[in-house]
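Enquirer: Sharing data_8.tsv, TSV, C-alpha atoms:
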```
chain	number	residue	atom	x	y	z
A	1	MET	CA	-51.10	-60.02	-13.15
A	2	THR	CA	-49.58	-58.71	-9.93
A	3	GLU	CA	-46.03	-59.16	-8.68
A	4	ALA	CA	-44.43	-58.98	-5.24
A	5	SER	CA	-40.83	-58.12	-4.42
A	6	TYR	CA	-39.94	-61.69	-3.42
A	7	PHE	CA	-41.07	-63.28	-6.69
A	8	LYS	CA	-37.57	-63.05	-8.20
A	9	ALA	CA	-35.59	-63.55	-5.01
A	10	PHE	CA	-34.93	-67.28	-5.46
A	11	ARG	CA	-32.79	-68.79	-8.19
A	12	ASN	CA	-34.60	-72.14	-8.10
A	13	ILE	CA	-38.20	-70.89	-7.73
A	14	ALA	CA	-40.07	-68.88	-10.37
A	15	MET	CA	-43.25	-67.18	-9.18
A	16	THR	CA	-46.21	-65.51	-10.85
A	17	ARG	CA	-49.63	-64.46	-9.57
A	18	GLU	CA	-52.95	-63.77	-11.22
A	19	GLY	CA	-56.32	-63.31	-9.57
A	20	GLY	CA	-54.88	-64.07	-6.16
A	21	VAL	CA	-53.49	-67.43	-7.33
A	22	LEU	CA	-49.73	-67.68	-6.85
A	23	GLU	CA	-47.83	-70.22	-8.93
A	24	ALA	CA	-44.39	-71.31	-7.68
A	25	ARG	CA	-42.43	-73.40	-10.16
A	26	TYR	CA	-39.28	-75.22	-9.07
A	27	HIS	CA	-36.38	-75.38	-11.53
A	28	THR	CA	-32.62	-75.55	-11.97
A	29	ASP	CA	-31.34	-73.21	-14.67
A	30	GLY	CA	-34.76	-73.28	-16.31
A	31	GLY	CA	-34.92	-77.09	-16.42
A	32	PRO	CA	-36.16	-79.75	-13.98
A	33	LEU	CA	-35.24	-79.14	-10.35
A	34	GLN	CA	-32.08	-80.87	-9.17
A	35	TRP	CA	-32.04	-81.18	-5.39
A	36	GLY	CA	-29.24	-79.55	-3.42
A	37	ALA	CA	-28.53	-79.07	0.27
A	38	ASP	CA	-25.57	-76.68	0.32
A	39	PRO	CA	-26.05	-73.16	1.77
A	40	GLY	CA	-28.19	-71.16	-0.65
A	41	SER	CA	-29.53	-74.27	-2.39
A	42	ILE	CA	-33.18	-75.26	-2.81
A	43	HIS	CA	-33.10	-76.83	0.66
A	44	GLU	CA	-32.56	-73.38	2.18
A	45	GLN	CA	-34.62	-71.43	-0.35
A	46	LEU	CA	-37.87	-73.30	0.24
A	47	GLY	CA	-38.23	-72.37	3.90
A	48	GLU	CA	-37.77	-68.66	3.21
A	49	ALA	CA	-39.95	-68.75	0.09
A	50	PHE	CA	-42.80	-70.45	1.94
A	51	ARG	CA	-42.53	-67.89	4.76
A	52	LEU	CA	-42.82	-64.98	2.34
A	53	ILE	CA	-45.68	-66.61	0.44
A	54	GLY	CA	-47.53	-67.22	3.69
A	55	ASP	CA	-46.98	-63.64	4.88
A	56	ASP	CA	-48.40	-62.11	1.69
A	57	PRO	CA	-52.12	-61.28	2.12
A	58	GLU	CA	-52.55	-61.04	-1.67
A	59	ASN	CA	-52.21	-64.81	-2.01
A	60	ARG	CA	-55.55	-66.62	-1.90
A	61	VAL	CA	-54.43	-69.98	-3.34
A	62	VAL	CA	-50.96	-71.40	-4.03
A	63	ILE	CA	-49.99	-73.82	-6.81
A	64	LEU	CA	-46.66	-75.65	-6.51
A	65	THR	CA	-45.25	-77.38	-9.58
A	66	GLY	CA	-42.02	-78.40	-11.29
A	67	THR	CA	-40.39	-77.83	-14.66
A	68	GLY	CA	-40.22	-80.06	-17.71
A	69	GLU	CA	-40.62	-83.81	-17.39
A	70	ASP	CA	-39.49	-84.19	-13.76
A	71	PHE	CA	-40.75	-82.75	-10.51
A	72	CYS	CA	-37.52	-83.62	-8.72
A	73	ARG	CA	-35.66	-86.75	-9.75
A	74	LYS	CA	-31.94	-85.93	-9.75
A	75	PRO	CA	-29.53	-84.51	-7.20
A	76	ASN	CA	-27.41	-81.51	-8.05
A	77	GLY	CA	-23.92	-82.96	-8.00
A	78	ASN	CA	-22.46	-79.58	-7.05
A	79	GLU	CA	-24.88	-78.99	-4.19
A	80	LEU	CA	-25.71	-82.31	-2.58
A	81	LYS	CA	-23.01	-83.92	-0.50
A	82	VAL	CA	-23.82	-86.05	2.56
A	83	PRO	CA	-22.79	-83.87	5.52
A	84	SER	CA	-20.19	-85.47	7.78
A	85	ASP	CA	-20.01	-82.93	10.60
A	86	PHE	CA	-22.40	-81.91	13.33
A	87	ALA	CA	-22.36	-78.20	12.48
A	88	THR	CA	-23.65	-78.88	8.97
A	89	TRP	CA	-26.32	-81.22	10.30
A	90	HIS	CA	-27.46	-78.49	12.66
A	91	ARG	CA	-27.99	-76.22	9.64
A	92	ILE	CA	-29.79	-78.99	7.78
A	93	MET	CA	-32.08	-79.55	10.76
A	94	ARG	CA	-32.97	-75.85	11.01
A	95	GLU	CA	-33.62	-75.58	7.27
A	96	SER	CA	-35.75	-78.74	7.29
A	97	ARG	CA	-37.95	-77.44	10.10
A	98	ALA	CA	-38.39	-74.14	8.23
A	99	MET	CA	-39.15	-75.93	4.95
A	100	PHE	CA	-41.94	-78.07	6.37
A	101	MET	CA	-43.42	-75.77	8.98
A	102	ASN	CA	-43.42	-72.67	6.78
A	103	LEU	CA	-45.15	-74.63	4.03
A	104	LEU	CA	-47.83	-75.70	6.50
A	105	ASP	CA	-48.03	-72.12	7.80
A	106	ILE	CA	-49.26	-70.92	4.40
A	107	ASP	CA	-52.80	-70.17	5.56
A	108	VAL	CA	-54.51	-70.57	2.19
A	109	PRO	CA	-55.15	-73.73	0.15
A	110	VAL	CA	-52.12	-75.29	-1.53
A	111	ILE	CA	-52.35	-77.31	-4.75
A	112	SER	CA	-49.54	-79.55	-6.02
A	113	ALA	CA	-49.35	-80.06	-9.77
A	114	ILE	CA	-46.78	-82.85	-9.95
A	115	ASN	CA	-45.46	-82.84	-13.50
A	116	GLY	CA	-43.18	-85.89	-13.34
A	117	PRO	CA	-41.21	-88.25	-11.11
A	118	ALA	CA	-40.74	-87.10	-7.51
A	119	THR	CA	-38.01	-89.35	-6.17
A	120	ILE	CA	-36.14	-86.86	-3.99
A	121	HIS	CA	-38.11	-85.45	-1.04
A	122	SER	CA	-41.18	-87.16	-2.45
A	123	GLU	CA	-43.13	-86.12	0.65
A	124	LEU	CA	-43.04	-82.40	-0.16
A	125	PRO	CA	-45.60	-82.27	-2.99
A	126	ILE	CA	-48.03	-84.57	-1.17
A	127	LEU	CA	-48.29	-82.11	1.73
A	128	ALA	CA	-50.68	-80.05	-0.41
A	129	ASP	CA	-54.44	-79.99	0.12
A	130	VAL	CA	-55.06	-80.95	-3.52
A	131	VAL	CA	-52.59	-83.23	-5.30
A	132	LEU	CA	-52.72	-83.53	-9.09
A	133	ALA	CA	-50.28	-85.61	-11.12
A	134	THR	CA	-49.44	-86.75	-14.63
A	135	PRO	CA	-49.30	-90.42	-15.68
A	136	THR	CA	-45.49	-90.24	-15.61
A	137	VAL	CA	-45.35	-89.45	-11.89
A	138	LYS	CA	-43.75	-91.94	-9.56
A	139	PHE	CA	-42.62	-91.65	-5.96
A	140	ARG	CA	-39.58	-93.23	-4.32
A	141	ASP	CA	-37.49	-92.53	-1.24
A	142	PRO	CA	-33.71	-92.96	-1.64
A	143	HIS	CA	-32.53	-92.91	1.98
A	144	MET	CA	-32.08	-96.64	2.58
A	145	LYS	CA	-30.31	-97.00	-0.76
A	146	ILE	CA	-27.53	-94.71	0.49
A	147	GLY	CA	-27.57	-96.22	3.98
A	148	VAL	CA	-29.13	-93.47	6.08
A	149	VAL	CA	-32.28	-93.27	8.20
A	150	PRO	CA	-35.29	-91.86	6.28
A	151	GLY	CA	-35.83	-89.27	9.00
A	152	ASP	CA	-35.93	-85.86	7.32
A	153	GLY	CA	-39.71	-85.59	7.31
A	154	CYS	CA	-40.47	-88.34	4.81
A	155	HIS	CA	-41.14	-90.78	7.65
A	156	ALA	CA	-43.71	-88.53	9.30
A	157	ILE	CA	-45.60	-87.69	6.12
A	158	TRP	CA	-45.58	-91.04	4.33
A	159	ASN	CA	-46.41	-92.97	7.50
A	160	MET	CA	-49.32	-90.63	8.17
A	161	LEU	CA	-50.74	-90.76	4.63
A	162	LEU	CA	-50.12	-94.43	3.88
A	163	GLY	CA	-50.46	-95.73	7.43
A	164	PRO	CA	-47.45	-96.88	9.48
A	165	SER	CA	-47.25	-100.44	8.14
A	166	ARG	CA	-47.45	-99.47	4.46
A	167	GLY	CA	-45.27	-96.42	5.08
A	168	HIS	CA	-42.54	-98.52	6.68
A	169	TYR	CA	-42.55	-100.87	3.69
A	170	TYR	CA	-42.29	-97.96	1.24
A	171	LEU	CA	-39.39	-96.34	3.11
A	172	LEU	CA	-37.42	-99.48	4.00
A	173	THR	CA	-37.58	-101.15	0.58
A	174	GLY	CA	-37.13	-98.02	-1.54
A	175	GLU	CA	-40.27	-99.09	-3.40
A	176	THR	CA	-41.23	-97.18	-6.51
A	177	LEU	CA	-44.84	-96.10	-6.04
A	178	SER	CA	-46.64	-95.56	-9.34
A	179	VAL	CA	-49.10	-92.74	-9.80
A	180	GLU	CA	-51.89	-95.31	-10.05
A	181	GLN	CA	-50.90	-96.83	-6.72
A	182	ALA	CA	-50.61	-93.39	-5.14
A	183	HIS	CA	-54.09	-92.56	-6.45
A	184	ALA	CA	-55.51	-95.80	-5.06
A	185	PHE	CA	-53.97	-94.99	-1.66
A	186	GLY	CA	-55.52	-91.52	-1.73
A	187	VAL	CA	-52.16	-89.70	-1.91
A	188	VAL	CA	-52.84	-88.39	-5.44
A	189	HIS	CA	-56.34	-87.05	-6.07
A	190	GLU	CA	-56.48	-86.63	-9.86
A	191	ILE	CA	-54.35	-87.81	-12.80
A	192	HIS	CA	-54.11	-85.65	-15.94
A	193	GLU	CA	-52.08	-85.64	-19.12
A	194	PRO	CA	-49.15	-83.18	-19.04
A	195	ASP	CA	-50.83	-80.65	-21.34
A	196	MET	CA	-53.88	-80.53	-19.06
A	197	LEU	CA	-52.20	-80.60	-15.64
A	198	MET	CA	-51.78	-76.86	-15.09
A	199	ASN	CA	-55.15	-76.10	-16.69
A	200	ARG	CA	-56.83	-78.31	-14.11
A	201	ALA	CA	-54.75	-76.86	-11.26
A	202	ARG	CA	-55.70	-73.33	-12.31
A	203	GLU	CA	-59.35	-74.31	-12.68
A	204	ILE	CA	-59.47	-75.63	-9.11
A	205	ALA	CA	-57.48	-72.65	-7.84
A	206	ALA	CA	-59.80	-70.13	-9.51
A	207	GLY	CA	-62.82	-71.80	-7.96
A	208	LEU	CA	-61.24	-71.70	-4.53
A	209	ALA	CA	-60.00	-68.13	-4.92
A	210	ALA	CA	-63.60	-67.02	-5.43
A	211	ARG	CA	-64.52	-68.23	-1.93
A	212	PRO	CA	-64.40	-65.95	1.13
A	213	ILE	CA	-60.81	-65.49	2.25
A	214	ASP	CA	-61.58	-66.34	5.88
A	215	ALA	CA	-63.04	-69.68	4.83
A	216	LEU	CA	-59.90	-70.40	2.80
A	217	ARG	CA	-57.52	-69.43	5.58
A	218	TYR	CA	-59.24	-71.24	8.39
A	219	SER	CA	-59.86	-74.39	6.37
A	220	ARG	CA	-56.17	-74.59	5.55
A	221	MET	CA	-55.28	-74.04	9.20
A	222	LEU	CA	-57.64	-76.84	10.19
A	223	PHE	CA	-56.30	-79.28	7.62
A	224	ALA	CA	-52.64	-78.46	8.31
A	225	GLN	CA	-52.79	-78.89	12.07
A	226	PRO	CA	-52.48	-82.72	12.20
A	227	LEU	CA	-49.54	-82.57	9.79
A	228	LYS	CA	-47.85	-79.92	11.93
A	229	GLU	CA	-48.31	-82.02	15.03
A	230	SER	CA	-46.81	-85.05	13.33
A	231	LEU	CA	-43.78	-83.13	12.10
A	232	GLN	CA	-43.22	-81.34	15.39
A	233	ARG	CA	-43.23	-84.70	17.13
A	234	GLU	CA	-41.27	-86.75	14.58
A	235	LEU	CA	-38.90	-84.42	12.75
A	236	PRO	CA	-36.27	-83.62	15.45
A	237	LEU	CA	-35.60	-87.26	16.33
A	238	GLY	CA	-35.75	-88.34	12.68
A	239	LEU	CA	-33.19	-85.75	11.59
A	240	ALA	CA	-30.92	-86.55	14.53
A	241	LEU	CA	-30.91	-90.26	13.70
A	242	GLU	CA	-30.44	-89.59	10.00
A	243	GLY	CA	-27.48	-87.36	10.85
A	244	LEU	CA	-25.92	-90.05	13.05
A	245	THR	CA	-26.12	-92.65	10.29
A	246	ALA	CA	-24.75	-90.21	7.71
A	247	ILE	CA	-21.80	-89.37	9.93
A	248	ALA	CA	-21.26	-93.06	10.73
A	249	ASN	CA	-21.14	-93.83	7.01
A	250	THR	CA	-18.54	-91.19	6.27
A	251	ARG	CA	-16.35	-91.50	9.38
A	252	GLY	CA	-16.88	-95.06	10.51
A	253	ALA	CA	-19.15	-96.06	13.35
A	254	GLN	CA	-16.31	-96.06	15.87
A	255	ASP	CA	-15.89	-92.26	15.47
A	256	VAL	CA	-19.51	-91.36	16.25
```
Before we go any further, please render this structure as structure tokens.
Expert:
Amino acid sequence: MTEASYFKAFRNIAMTREGGVLEARYHTDGGPLQWGADPGSIHEQLGEAFRLIGDDPENRVVILTGTGEDFCRKPNGNELKVPSDFATWHRIMRESRAMFMNLLDIDVPVISAINGPATIHSELPILADVVLATPTVKFRDPHMKIGVVPGDGCHAIWNMLLGPSRGHYYLLTGETLSVEQAHAFGVVHEIHEPDMLMNRAREIAAGLAARPIDALRYSRMLFAQPLKESLQRELPLGLALEGLTAIANTRGAQDV
């Protein structure tokens, strides 16, 4: 097992690597990840972590997973407050671009092993090339529930993978999408019991890691390009409109 200097640099991401397969496990204090958006929270950490993972030539395959029974289901009450000022939204916009684009700039195959409900930033794990899930997985987007535009990347990804009509329904209604539905729509590729999830992810990763590195890199680049184009086109406007609705909610529409 090899280790790089950045493996222990992030308080919400635990990393290990064996045979060229890097595993990044999201967590909060060793338990399921609770989403935060304050400076230094997971929202900021992911962009930098993905950049370092992508820059490391020792990584041949990447597995992303969560901790315990949830992938990401709860907000961190100490780290997730709806920003009400433009300066904070500017930071959020920069971090969001880094989070998505640096993930897609990882030029080797990425596998998501979704260990439980993903109801906050549900679009992140489905950006992987291979998406595995347990029977307990469900997806839901919370934006409309709190009265803000679902524009922080979820709109681009879900509309692309589900199709615009089905994606709009999912985002506007706050629908809970079961793992079986996600599998039928092609968003989830395999469903495995929790005790077999990581075994299957590692099995696929080991098979891929044995392939020529150039084939791995250039295949990932090819597959990621349409997603990059969608996010580059859709993310700035989406975040701007989400920010306007968030500020309107906290200040009153007459102050915007």
Enquirer: Quote the spacing between atom CA of A:Val130 and atom CA of A:Gln34 in Å to one decimal place.
Expert: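 That distance, rounded to one decimal, is 23.7 Å.
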Enquirer: Counting all atoms listed in the file, what is within 10 Å of A:Ala98, bar same-chain residues fewer than 6 positions away, as a ChimeraX atom specification?
Expert: /A:43-51,92,104-105
Enquirer: For A:Leu172, which residue out of A:Val61, A:Cys154, A:Met15, A:Leu127 is the nearest one, using only C-alpha atoms?
Expert: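 Among the listed residues, the smallest separation from A:Leu172 belongs to A:Cys154.
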Enquirer: Which residue is closest to A:Gly19? Choose from A:Met1, A:Ile53, A:Met93, A:Leu239 and count all atoms listed in the file.
Expert: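 Once distances to A:Gly19 are computed over all atoms listed in the file, the minimum belongs to A:Met1.
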Enquirer: Do a neighbour search on A:Thr16 at 7 Å with all atoms listed in the file, toss out local chain neighbours closer than 6 positions, and write the hits as a PyMOL selection string.
Expert: chain A and resi 3+7+22-24
Enquirer: Based on the selection just made, write C-alpha atoms of those residues as a compact mmCIF listing (two decimals), in the coordinates of the input.
Expert:
```
# COMPACT_ATOMS: atom_id res chain seq x y z
CA GLU A 3 -46.03 -59.16 -8.68
CA PHE A 7 -41.07 -63.28 -6.69
CA LEU A 22 -49.73 -67.68 -6.85
CA GLU A 23 -47.83 -70.22 -8.93
CA ALA A 24 -44.39 -71.31 -7.68
```
Enquirer: Please identify all polymer residues within 12 Å of stretch 156-169 of chain A, counting only C-alpha atoms, omitting same-chain residues fewer than 4 positions from it, and present them as a ChimeraX atom specification.
Expert: /A:100,121-128,139-141,144,149-152,173-177,181-188,224,226-239
Enquirer: Counting only C-alpha atoms, which of A:Phe86, A:Ser96, A:Asn115, A:Val179 gets nearest to A:Leu197?
Expert: A:Asn115
Enquirer: Looking at all atoms listed in the file, which of A:Gly40, A:Gly54, A:Gly147, A:Pro32 is the one that sits closest to A:Cys72?
Expert: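 Smallest separation from A:Cys72 among the options: A:Pro32.
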Enquirer: Please supply stretch 34-58 of chain A, rebuilt with N, CA, C and O atoms, as a short mmCIF file (atom, residue, chain, number, x, y, z; two decimals), keeping the file's coordinate frame.
Expert:
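What follows is the written file result_7.cif:
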```
data_model
loop_
_atom_site.label_atom_id
_atom_site.label_comp_id
_atom_site.auth_asym_id
_atom_site.auth_seq_id
_atom_site.Cartn_x
_atom_site.Cartn_y
_atom_site.Cartn_z
N GLN A 34 -33.05 -79.93 -9.70
CA GLN A 34 -32.08 -80.87 -9.17
C GLN A 34 -31.86 -80.51 -7.70
O GLN A 34 -31.50 -79.38 -7.39
N TRP A 35 -32.05 -81.47 -6.82
CA TRP A 35 -32.04 -81.18 -5.39
C TRP A 35 -30.63 -80.90 -4.89
O TRP A 35 -29.69 -81.60 -5.24
N GLY A 36 -30.51 -79.87 -4.07
CA GLY A 36 -29.24 -79.55 -3.42
C GLY A 36 -29.47 -79.21 -1.97
O GLY A 36 -30.58 -78.84 -1.57
N ALA A 37 -28.41 -79.35 -1.16
CA ALA A 37 -28.53 -79.07 0.27
C ALA A 37 -27.41 -78.19 0.79
O ALA A 37 -27.27 -78.01 1.99
N ASP A 38 -26.60 -77.62 -0.10
CA ASP A 38 -25.57 -76.68 0.32
C ASP A 38 -26.22 -75.36 0.75
O ASP A 38 -27.38 -75.10 0.43
N PRO A 39 -25.50 -74.49 1.46
CA PRO A 39 -26.05 -73.16 1.77
C PRO A 39 -26.47 -72.44 0.50
O PRO A 39 -25.74 -72.42 -0.50
N GLY A 40 -27.66 -71.87 0.51
CA GLY A 40 -28.19 -71.16 -0.65
C GLY A 40 -28.87 -72.04 -1.67
O GLY A 40 -29.41 -71.53 -2.66
N SER A 41 -28.89 -73.36 -1.45
CA SER A 41 -29.53 -74.27 -2.39
C SER A 41 -31.03 -74.30 -2.17
O SER A 41 -31.58 -73.62 -1.30
N ILE A 42 -31.73 -75.16 -2.92
CA ILE A 42 -33.18 -75.26 -2.81
C ILE A 42 -33.60 -75.64 -1.40
O ILE A 42 -34.65 -75.22 -0.92
N HIS A 43 -32.79 -76.41 -0.71
CA HIS A 43 -33.10 -76.83 0.66
C HIS A 43 -33.28 -75.61 1.57
O HIS A 43 -34.18 -75.58 2.42
N GLU A 44 -32.45 -74.61 1.39
CA GLU A 44 -32.56 -73.38 2.18
C GLU A 44 -33.62 -72.45 1.61
O GLU A 44 -34.37 -71.81 2.35
N GLN A 45 -33.71 -72.37 0.29
CA GLN A 45 -34.62 -71.43 -0.35
C GLN A 45 -36.09 -71.70 -0.01
O GLN A 45 -36.87 -70.77 0.17
N LEU A 46 -36.46 -72.98 0.07
CA LEU A 46 -37.87 -73.30 0.24
C LEU A 46 -38.44 -72.75 1.53
O LEU A 46 -39.56 -72.21 1.55
N GLY A 47 -37.71 -72.87 2.63
CA GLY A 47 -38.23 -72.37 3.90
C GLY A 47 -38.52 -70.88 3.85
O GLY A 47 -39.57 -70.42 4.29
N GLU A 48 -37.58 -70.10 3.30
CA GLU A 48 -37.77 -68.66 3.21
C GLU A 48 -38.86 -68.30 2.22
O GLU A 48 -39.68 -67.41 2.45
N ALA A 49 -38.90 -69.02 1.09
CA ALA A 49 -39.95 -68.75 0.09
C ALA A 49 -41.33 -69.02 0.66
O ALA A 49 -42.25 -68.21 0.49
N PHE A 50 -41.50 -70.14 1.36
CA PHE A 50 -42.80 -70.45 1.94
C PHE A 50 -43.20 -69.42 3.00
O PHE A 50 -44.37 -69.06 3.13
N ARG A 51 -42.22 -68.91 3.76
CA ARG A 51 -42.53 -67.89 4.76
C ARG A 51 -43.06 -66.62 4.09
O ARG A 51 -44.08 -66.05 4.53
N LEU A 52 -42.40 -66.20 3.03
CA LEU A 52 -42.82 -64.98 2.34
C LEU A 52 -44.17 -65.17 1.65
O LEU A 52 -45.01 -64.26 1.66
N ILE A 53 -44.38 -66.33 1.07
CA ILE A 53 -45.68 -66.61 0.44
C ILE A 53 -46.78 -66.58 1.49
O ILE A 53 -47.85 -65.99 1.28
N GLY A 54 -46.52 -67.19 2.64
CA GLY A 54 -47.53 -67.22 3.69
C GLY A 54 -47.80 -65.87 4.31
O GLY A 54 -48.91 -65.62 4.80
N ASP A 55 -46.81 -64.97 4.29
CA ASP A 55 -46.98 -63.64 4.88
C ASP A 55 -47.68 -62.66 3.95
O ASP A 55 -48.03 -61.56 4.38
N ASP A 56 -47.85 -63.03 2.69
CA ASP A 56 -48.40 -62.11 1.69
C ASP A 56 -49.93 -62.22 1.65
O ASP A 56 -50.46 -63.24 1.19
N PRO A 57 -50.66 -61.20 2.09
CA PRO A 57 -52.12 -61.28 2.12
C PRO A 57 -52.77 -61.28 0.74
O PRO A 57 -53.97 -61.55 0.63
N GLU A 58 -52.00 -61.01 -0.31
CA GLU A 58 -52.55 -61.04 -1.67
C GLU A 58 -52.72 -62.45 -2.21
O GLU A 58 -53.39 -62.65 -3.22
#
```
